[in-house]
file query34.cif (mmCIF, C-alpha atoms)
data_start
#
loop_
_atom_site.group_PDB
_atom_site.id
_atom_site.type_symbol
_atom_site.label_atom_id
_atom_site.label_comp_id
_atom_site.auth_asym_id
_atom_site.auth_seq_id
_atom_site.Cartn_x
_atom_site.Cartn_y
_atom_site.Cartn_z
ATOM 1 C CA MET A 1 116.576 51.764 8.042
ATOM 2 C CA ARG A 2 114.581 54.488 6.343
ATOM 3 C CA GLY A 3 111.335 53.136 7.832
ATOM 4 C CA ILE A 4 112.676 53.368 11.385
ATOM 5 C CA GLN A 5 113.868 56.935 10.825
ATOM 6 C CA LEU A 6 110.478 57.904 9.416
ATOM 7 C CA LYS A 7 108.648 56.290 12.332
ATOM 8 C CA ASN A 8 110.840 58.099 14.883
ATOM 9 C CA ALA A 9 110.375 61.422 13.068
ATOM 10 C CA GLN A 10 106.584 60.988 13.133
ATOM 11 C CA ARG A 11 106.661 60.129 16.844
ATOM 12 C CA LYS A 12 108.775 63.193 17.584
ATOM 13 C CA ARG A 13 106.424 65.420 15.575
ATOM 14 C CA ARG A 14 103.376 64.113 17.508
ATOM 15 C CA MET A 15 105.150 64.673 20.828
ATOM 16 C CA GLN A 16 106.148 68.233 19.925
ATOM 17 C CA SER A 17 102.605 68.967 18.765
ATOM 18 C CA VAL A 18 101.144 67.867 22.098
ATOM 19 C CA ARG A 19 103.718 69.853 24.096
ATOM 20 C CA ARG A 20 103.193 72.957 21.954
ATOM 21 C CA LYS A 21 99.457 72.879 22.704
ATOM 22 C CA ILE A 22 100.142 72.382 26.408
ATOM 23 C CA ARG A 23 102.574 75.287 26.675
ATOM 24 C CA LYS A 24 100.359 77.611 24.647
ATOM 25 C CA ASN A 25 97.180 77.007 26.620
ATOM 26 C CA SER A 26 98.235 76.288 30.176
ATOM 27 C CA ARG A 27 100.505 77.534 32.948
ATOM 28 C CA ARG A 28 99.926 74.441 35.090
ATOM 29 C CA VAL A 29 102.573 71.877 35.891
ATOM 30 C CA ARG A 30 102.852 69.020 33.427
ATOM 31 C CA LEU A 31 102.053 65.370 34.196
ATOM 32 C CA SER A 32 104.264 63.554 31.720
ATOM 33 C CA VAL A 33 103.751 59.889 30.796
ATOM 34 C CA PHE A 34 106.216 57.352 29.414
ATOM 35 C CA ARG A 35 105.062 53.963 28.229
ATOM 36 C CA SER A 36 107.276 51.144 27.026
ATOM 37 C CA SER A 37 106.343 47.622 26.058
ATOM 38 C CA LYS A 38 106.865 46.389 29.638
ATOM 39 C CA HIS A 39 106.888 49.388 31.975
ATOM 40 C CA PHE A 40 105.055 52.626 32.700
ATOM 41 C CA SER A 41 106.289 55.780 34.384
ATOM 42 C CA ALA A 42 105.000 59.253 35.144
ATOM 43 C CA GLN A 43 106.433 62.466 36.510
ATOM 44 C CA VAL A 44 105.123 65.884 37.458
ATOM 45 C CA ILE A 45 107.297 68.590 35.895
ATOM 46 C CA ASP A 46 107.427 72.333 36.508
ATOM 47 C CA ASP A 47 108.590 73.724 33.160
ATOM 48 C CA GLU A 48 109.168 77.245 34.472
ATOM 49 C CA GLN A 49 111.759 76.036 36.990
ATOM 50 C CA GLY A 50 112.840 73.045 34.901
ATOM 51 C CA LYS A 51 112.417 70.622 37.814
ATOM 52 C CA THR A 52 110.738 67.289 38.367
ATOM 53 C CA LEU A 53 108.509 67.634 41.417
ATOM 54 C CA CYS A 54 107.573 63.965 41.868
ATOM 55 C CA ALA A 55 107.872 60.760 39.884
ATOM 56 C CA ILE A 56 106.992 57.061 39.990
ATOM 57 C CA SER A 57 107.651 54.065 37.798
ATOM 58 C CA THR A 58 106.782 50.388 37.634
ATOM 59 C CA THR A 59 110.506 49.655 37.911
ATOM 60 C CA GLY A 60 110.831 51.331 41.322
ATOM 61 C CA LYS A 61 111.436 49.291 44.457
ATOM 62 C CA ASP A 62 108.389 50.674 46.249
ATOM 63 C CA ALA A 63 106.000 49.797 43.404
ATOM 64 C CA ARG A 64 107.457 46.469 42.322
ATOM 65 C CA ALA A 65 105.944 44.434 45.168
ATOM 66 C CA ALA A 66 102.461 45.938 44.740
ATOM 67 C CA LEU A 67 102.447 45.314 40.982
ATOM 68 C CA ALA A 68 103.382 41.624 41.002
ATOM 69 C CA GLY A 69 100.924 39.596 38.942
ATOM 70 C CA LYS A 70 98.907 42.550 37.616
ATOM 71 C CA LYS A 71 98.146 43.283 33.976
ATOM 72 C CA LYS A 72 99.737 46.289 32.275
ATOM 73 C CA SER A 73 96.607 48.448 32.401
ATOM 74 C CA GLU A 74 96.168 47.623 36.101
ATOM 75 C CA GLN A 75 99.796 48.598 36.686
ATOM 76 C CA ALA A 76 99.205 51.918 34.906
ATOM 77 C CA ALA A 77 96.128 52.548 37.071
ATOM 78 C CA TYR A 78 98.176 51.867 40.204
ATOM 79 C CA ILE A 79 100.853 54.297 39.019
ATOM 80 C CA GLY A 80 98.133 56.906 38.386
ATOM 81 C CA GLY A 81 96.826 56.614 41.920
ATOM 82 C CA GLU A 82 100.311 56.783 43.422
ATOM 83 C CA ILE A 83 101.381 59.830 41.405
ATOM 84 C CA ALA A 84 98.166 61.561 42.514
ATOM 85 C CA LYS A 85 99.050 60.867 46.174
ATOM 86 C CA ARG A 86 102.596 62.135 45.725
ATOM 87 C CA ALA A 87 101.460 65.256 43.878
ATOM 88 C CA LEU A 88 98.866 66.093 46.535
ATOM 89 C CA ASP A 89 101.521 65.618 49.235
ATOM 90 C CA ALA A 90 103.719 68.083 47.327
ATOM 91 C CA GLY A 91 100.843 70.604 47.237
ATOM 92 C CA ILE A 92 99.958 70.125 43.571
ATOM 93 C CA LYS A 93 96.286 69.770 42.718
ATOM 94 C CA GLN A 94 95.999 70.991 39.119
ATOM 95 C CA VAL A 95 98.049 69.479 36.292
ATOM 96 C CA VAL A 96 97.875 69.138 32.551
ATOM 97 C CA LEU A 97 98.349 65.671 31.025
ATOM 98 C CA ASP A 98 101.268 65.326 28.616
ATOM 99 C CA ARG A 99 100.572 62.040 26.866
ATOM 100 C CA GLY A 100 103.617 62.415 24.621
ATOM 101 C CA SER A 101 103.235 60.594 21.336
ATOM 102 C CA TYR A 102 100.780 58.038 22.777
ATOM 103 C CA LYS A 103 97.072 57.887 22.083
ATOM 104 C CA TYR A 104 94.664 58.551 24.928
ATOM 105 C CA HIS A 105 93.711 54.899 24.998
ATOM 106 C CA GLY A 106 94.453 51.760 26.979
ATOM 107 C CA ARG A 107 97.177 52.211 29.597
ATOM 108 C CA VAL A 108 97.328 56.009 29.225
ATOM 109 C CA LYS A 109 93.560 56.266 29.760
ATOM 110 C CA ALA A 110 93.653 53.898 32.754
ATOM 111 C CA PHE A 111 96.474 55.968 34.244
ATOM 112 C CA SER A 112 94.692 59.299 33.818
ATOM 113 C CA ASP A 113 91.381 57.970 35.154
ATOM 114 C CA ALA A 114 93.122 56.682 38.286
ATOM 115 C CA ALA A 115 94.960 59.987 38.722
ATOM 116 C CA ARG A 116 91.651 61.861 38.523
ATOM 117 C CA GLU A 117 90.098 59.526 41.089
ATOM 118 C CA GLY A 118 93.145 60.134 43.282
ATOM 119 C CA GLY A 119 92.336 63.847 43.421
ATOM 120 C CA LEU A 120 94.236 65.490 40.561
ATOM 121 C CA GLU A 121 92.393 67.991 38.361
ATOM 122 C CA PHE A 122 93.200 67.941 34.647
#
call {"tool": "encode", "arguments": {"input": "query34.cif", "output": "structure tokens"}}
result
Amino acid sequence: MRGIQLKNAQRKRRMQSVRRKIRKNSRRVRLSVFRSSKHFSAQVIDDEQGKTLCAISTTGKDARAALAGKKKSEQAAYIGGEIAKRALDAGIKQVVLDRGSYKYHGRVKAFSDAAREGGLEF
């Protein structure tokens, strides 16, 4: 049990470190990423108002049909493109990536590359 508590404490510390750097250096809205073993989700958050401006997930009805049979990194890239479209429709062009406690590698990198290609500026 002690190992699980230690692992969760380390994850929380990494997440807080990333968010602290984001809040200190930027006034842009935050593009937050969540990655589980099966699914991927992202949301654009305005911290000043405390509101989620747009969001998408691999579990959503609209994305489920398009993601059938794709690998996890391909699913993350699809989500990146879709969140870029939704953010641009909401009038958001500049964001800062909040990768949480995840490394900028694999699915997170595929997601952010697709979001950049979709028109978002990091």
call {"tool": "resolve_selection", "arguments": {"input": "query34.cif", "expression": "the PyMOL selection byres ((chain A and resi 92-96) around 9)", "output": "PyMOL selection string"}}
result
chain A and resi 22+26-32+44+84+86-91+97-98+119-122
call {"tool": "residues_near_point", "arguments": {"input": "query34.cif", "point": "(99.0, 54.2, 42.1)", "cutoff": "9 Å", "atoms": "all atoms listed in the file", "output": "JSON, numbers by chain"}}
result
{"A": [56, 63, 75, 76, 77, 78, 79, 80, 81, 82, 83, 84, 85, 111, 114, 115, 118]}
call {"tool": "write_last_selection", "arguments": {"input": "query34.cif", "atoms": "C-alpha atoms", "output": "compact mmCIF listing (two decimals), in the coordinates of the input"}}
result
# COMPACT_ATOMS: atom_id res chain seq x y z
CA ILE A 56 106.99 57.06 39.99
CA ALA A 63 106.00 49.80 43.40
CA GLN A 75 99.80 48.60 36.69
CA ALA A 76 99.20 51.92 34.91
CA ALA A 77 96.13 52.55 37.07
CA TYR A 78 98.18 51.87 40.20
CA ILE A 79 100.85 54.30 39.02
CA GLY A 80 98.13 56.91 38.39
CA GLY A 81 96.83 56.61 41.92
CA GLU A 82 100.31 56.78 43.42
CA ILE A 83 101.38 59.83 41.40
CA ALA A 84 98.17 61.56 42.51
CA LYS A 85 99.05 60.87 46.17
CA PHE A 111 96.47 55.97 34.24
CA ALA A 114 93.12 56.68 38.29
CA ALA A 115 94.96 59.99 38.72
CA GLY A 118 93.14 60.13 43.28
call {"tool": "atom_distance", "arguments": {"input": "query34.cif", "atom1": "CA of Met15 (chain A)", "atom2": "CA of Lys61 (chain A)"}}
result
28.9 Å
call {"tool": "atom_distance", "arguments": {"input": "query34.cif", "atom1": "CA of Ser17 (chain A)", "atom2": "CA of Gly100 (chain A)"}}
result
8.8 Å
call {"tool": "atom_distance", "arguments": {"input": "query34.cif", "atom1": "CA of Val18 (chain A)", "atom2": "CA of Val33 (chain A)"}}
result
12.1 Å
call {"tool": "resolve_selection", "arguments": {"input": "query34.cif", "expression": "the PyMOL selection byres ((chain A and resi 38) around 10)", "output": "PyMOL selection string"}}
result
chain A and resi 35-37+39-40+58-59+72
call {"tool": "closest_residue", "arguments": {"input": "query34.cif", "among": "A:Ser73, A:Asn25, A:Thr52, A:Ser57", "to": "Lys109 (chain A)", "atoms": "only C-alpha atoms"}}
result
A:Ser73
call {"tool": "build_atoms", "arguments": {"input": "query34.cif", "residues": "region 93-109 of chain A", "atoms": "N, CA and C atoms", "output": "mmCIF file, keeping the file's coordinate frame"}}
result
data_model
loop_
_atom_site.group_PDB
_atom_site.id
_atom_site.type_symbol
_atom_site.label_atom_id
_atom_site.label_comp_id
_atom_site.auth_asym_id
_atom_site.auth_seq_id
_atom_site.Cartn_x
_atom_site.Cartn_y
_atom_site.Cartn_z
ATOM 1 N N LYS A 93 97.633 70.291 42.932
ATOM 2 C CA LYS A 93 96.286 69.770 42.718
ATOM 3 C C LYS A 93 95.886 69.826 41.245
ATOM 4 N N GLN A 94 96.369 70.822 40.517
ATOM 5 C CA GLN A 94 95.999 70.991 39.119
ATOM 6 C C GLN A 94 97.198 70.709 38.223
ATOM 7 N N VAL A 95 97.004 69.838 37.243
ATOM 8 C CA VAL A 95 98.049 69.479 36.292
ATOM 9 C C VAL A 95 97.442 69.441 34.895
ATOM 10 N N VAL A 96 98.313 69.359 33.917
ATOM 11 C CA VAL A 96 97.875 69.138 32.551
ATOM 12 C C VAL A 96 98.572 67.870 32.071
ATOM 13 N N LEU A 97 97.816 66.966 31.442
ATOM 14 C CA LEU A 97 98.349 65.671 31.025
ATOM 15 C C LEU A 97 99.153 65.818 29.741
ATOM 16 N N ASP A 98 100.406 65.378 29.794
ATOM 17 C CA ASP A 98 101.268 65.326 28.616
ATOM 18 C C ASP A 98 101.382 63.855 28.232
ATOM 19 N N ARG A 99 100.601 63.447 27.260
ATOM 20 C CA ARG A 99 100.572 62.040 26.866
ATOM 21 C C ARG A 99 101.686 61.694 25.893
ATOM 22 N N GLY A 100 102.513 62.671 25.540
ATOM 23 C CA GLY A 100 103.617 62.415 24.621
ATOM 24 C C GLY A 100 103.106 62.054 23.249
ATOM 25 N N SER A 101 103.661 61.012 22.669
ATOM 26 C CA SER A 101 103.235 60.594 21.336
ATOM 27 C C SER A 101 102.232 59.454 21.394
ATOM 28 N N TYR A 102 101.696 59.165 22.596
ATOM 29 C CA TYR A 102 100.780 58.038 22.777
ATOM 30 C C TYR A 102 99.333 58.485 22.658
ATOM 31 N N LYS A 103 98.493 57.607 22.154
ATOM 32 C CA LYS A 103 97.072 57.887 22.083
ATOM 33 C C LYS A 103 96.467 57.848 23.479
ATOM 34 N N TYR A 104 95.401 58.585 23.665
ATOM 35 C CA TYR A 104 94.664 58.551 24.928
ATOM 36 C C TYR A 104 93.770 57.319 24.873
ATOM 37 N N HIS A 105 94.379 56.176 25.175
ATOM 38 C CA HIS A 105 93.711 54.899 24.998
ATOM 39 C C HIS A 105 94.459 53.853 25.811
ATOM 40 N N GLY A 106 93.792 52.867 26.304
ATOM 41 C CA GLY A 106 94.453 51.760 26.979
ATOM 42 C C GLY A 106 95.120 52.165 28.278
ATOM 43 N N ARG A 107 96.439 51.940 28.358
ATOM 44 C CA ARG A 107 97.177 52.211 29.597
ATOM 45 C C ARG A 107 97.196 53.689 29.953
ATOM 46 N N VAL A 108 97.301 54.560 28.951
ATOM 47 C CA VAL A 108 97.328 56.009 29.225
ATOM 48 C C VAL A 108 95.981 56.446 29.795
ATOM 49 N N LYS A 109 94.894 55.923 29.259
ATOM 50 C CA LYS A 109 93.560 56.266 29.760
ATOM 51 C C LYS A 109 93.351 55.719 31.167
#
